[in-house]
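Only one structure is covered here, and it is reproduced in the block below.
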Amino acid sequence: MYAEKRGQYEWENNDGYAELKLSKKHKVYHTDGKSLLKYNDDGTDTLVLCFKKGLTAYVVPSSVSVIASNAFYYCSRLKDVSLPDSLVTLQDDAFNQ
């Protein structure tokens, strides 16, 4: 379940609980409701962390050019990932669990 309260984001699912408190006015990080994204200087994003544990499929946002190491660490059930054409770098161990 996803809930937004006062500009903060919280996630809860059957596999456990994860919480991210991030102001909507934050200038470095933002979220798509399933992952933490970092703004890059070139206008693209870095996928820092996907933290929806129960996900079986995920479409990486089209703004992402980099997927960071351990980005999918919490996604143990993930079977299908759609990568955007904008992806330039897939760092080592991005899918480690």
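Residue numbers start at 1 in each chain; chains themselves are named A, B, ... in the order of the structure tokens; ligands are numbered from 1 in the order shown.
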
So that I can check the surroundings of region 31-37 of chain A, please list as a list in words every protein, DNA and RNA residue that reaches within 7 Å of it, counting only C-alpha atoms and ignoring chain neighbours fewer than 3 positions away.
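Non-adjacent residues within range: Asp45, Thr46, Leu47, Val48, Leu49, Cys50, Phe51 and Lys52 of chain A.
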
Print the selection's residues with all heavy atoms to a file, as a JSON list (two decimals), in the first residue's frame.
```json
[["chain", "number", "residue", "atom", "x", "y", "z"],
["A", 45, "ASP", "N", 17.68, 10.80, -14.80],
["A", 45, "ASP", "CA", 17.61, 10.31, -13.43],
["A", 45, "ASP", "C", 18.51, 9.08, -13.25],
["A", 45, "ASP", "O", 18.77, 8.36, -14.20],
["A", 45, "ASP", "CB", 16.19, 9.88, -13.07],
["A", 45, "ASP", "CG", 15.22, 11.04, -13.00],
["A", 45, "ASP", "OD1", 15.60, 12.11, -12.48],
["A", 45, "ASP", "OD2", 14.08, 10.89, -13.46],
["A", 46, "THR", "N", 18.90, 8.86, -12.00],
["A", 46, "THR", "CA", 19.55, 7.61, -11.60],
["A", 46, "THR", "C", 18.56, 6.85, -10.73],
["A", 46, "THR", "O", 18.01, 7.42, -9.79],
["A", 46, "THR", "CB", 20.83, 7.87, -10.79],
["A", 46, "THR", "OG1", 21.80, 8.49, -11.63],
["A", 46, "THR", "CG2", 21.41, 6.58, -10.23],
["A", 47, "LEU", "N", 18.30, 5.59, -11.07],
["A", 47, "LEU", "CA", 17.47, 4.73, -10.23],
["A", 47, "LEU", "C", 18.35, 4.26, -9.08],
["A", 47, "LEU", "O", 19.27, 3.48, -9.28],
["A", 47, "LEU", "CB", 16.93, 3.55, -11.03],
["A", 47, "LEU", "CG", 16.12, 2.52, -10.24],
["A", 47, "LEU", "CD1", 14.86, 3.13, -9.66],
["A", 47, "LEU", "CD2", 15.77, 1.34, -11.12],
["A", 48, "VAL", "N", 18.09, 4.78, -7.89],
["A", 48, "VAL", "CA", 18.92, 4.49, -6.73],
["A", 48, "VAL", "C", 18.44, 3.23, -6.03],
["A", 48, "VAL", "O", 19.23, 2.36, -5.68],
["A", 48, "VAL", "CB", 18.91, 5.68, -5.74],
["A", 48, "VAL", "CG1", 19.71, 5.36, -4.49],
["A", 48, "VAL", "CG2", 19.44, 6.93, -6.42],
["A", 49, "LEU", "N", 17.12, 3.11, -5.83],
["A", 49, "LEU", "CA", 16.60, 1.99, -5.06],
["A", 49, "LEU", "C", 15.14, 1.74, -5.41],
["A", 49, "LEU", "O", 14.33, 2.63, -5.36],
["A", 49, "LEU", "CB", 16.71, 2.30, -3.56],
["A", 49, "LEU", "CG", 16.24, 1.23, -2.59],
["A", 49, "LEU", "CD1", 17.12, -0.01, -2.69],
["A", 49, "LEU", "CD2", 16.25, 1.77, -1.18],
["A", 50, "CYS", "N", 14.85, 0.51, -5.75],
["A", 50, "CYS", "CA", 13.47, 0.06, -5.93],
["A", 50, "CYS", "C", 13.12, -0.69, -4.65],
["A", 50, "CYS", "O", 13.78, -1.66, -4.31],
["A", 50, "CYS", "CB", 13.36, -0.85, -7.15],
["A", 50, "CYS", "SG", 11.68, -1.40, -7.46],
["A", 51, "PHE", "N", 12.11, -0.22, -3.92],
["A", 51, "PHE", "CA", 11.88, -0.80, -2.60],
["A", 51, "PHE", "C", 10.50, -1.40, -2.42],
["A", 51, "PHE", "O", 10.05, -1.60, -1.31],
["A", 51, "PHE", "CB", 12.16, 0.21, -1.49],
["A", 51, "PHE", "CG", 11.58, 1.56, -1.74],
["A", 51, "PHE", "CD1", 10.28, 1.85, -1.43],
["A", 51, "PHE", "CD2", 12.36, 2.53, -2.32],
["A", 51, "PHE", "CE1", 9.76, 3.10, -1.66],
["A", 51, "PHE", "CE2", 11.85, 3.78, -2.56],
["A", 51, "PHE", "CZ", 10.54, 4.07, -2.23],
["A", 52, "LYS", "N", 9.82, -1.74, -3.48],
["A", 52, "LYS", "CA", 8.54, -2.44, -3.38],
["A", 52, "LYS", "C", 8.83, -3.93, -3.42],
["A", 52, "LYS", "O", 8.96, -4.53, -4.48],
["A", 52, "LYS", "CB", 7.61, -2.04, -4.51],
["A", 52, "LYS", "CG", 7.18, -0.59, -4.47],
["A", 52, "LYS", "CD", 6.27, -0.30, -3.33],
["A", 52, "LYS", "CE", 4.87, -0.73, -3.66],
["A", 52, "LYS", "NZ", 3.90, -0.38, -2.67]]
```

Shell of 10 Å around Ile67 (chain A), only C-alpha atoms, local chain residues under 3 positions omitted, as a ChimeraX atom specification:
/A:37,45-49,60,64,70-72,83,87-95

Fewer than 6 positions away in the same chain doesn't count, so skip those; otherwise give me all residues within 12 Å of Asp42 (chain A), counting only C-alpha atoms, as a PyMOL selection string.
chain A and resi 63-66

Those residues with C-alpha atoms, as a CSV table (one decimal), in the first residue's frame please?
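That gives us part_27.csv:
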```csv
chain,number,residue,atom,x,y,z
A,63,SER,CA,13.9,9.4,-17.6
A,64,VAL,CA,16.5,6.9,-16.1
A,65,SER,CA,20.0,6.8,-17.7
A,66,VAL,CA,21.7,5.0,-14.8
```

Would you mind reading off the distance between CA of Pro84 (chain A) and CA of Val59 (chain A), one decimal, in Å?
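So the answer is 8.0 Å.
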
Correct to one decimal, the distance CA of Cys75 (chain A)-CA of Val28 (chain A) is 23.4 Å

Which residue out of A:Thr56, A:Asp85, A:Gly43, A:Asn96 has the minimum interatomic distance to Ser69 (chain A) when only C-alpha atoms are used?
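So, comparing all the options, the nearest one is A:Asn96.
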
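CA of Arg77 (chain A) to CA of Ser62 (chain A) spans 22.3 Å [interatomic distance, one decimal].
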
Go through region 32-97 of chain A and collect every residue that DSSP, computed from the backbone, puts in strand (DSSP E or B); the answer should be as a list in words.
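Checking each residue of region 32-97 of chain A, the strand (DSSP E or B) ones are Ser35, Leu36, Leu37, Lys38, Tyr39, Asp45, Thr46, Leu47, Val48, Leu49, Cys50, Ala57, Tyr58, Val59, Val64, Ser65, Val66, Ile67, Asp80, Val81, Ser82, Thr89 and Leu90 of chain A.
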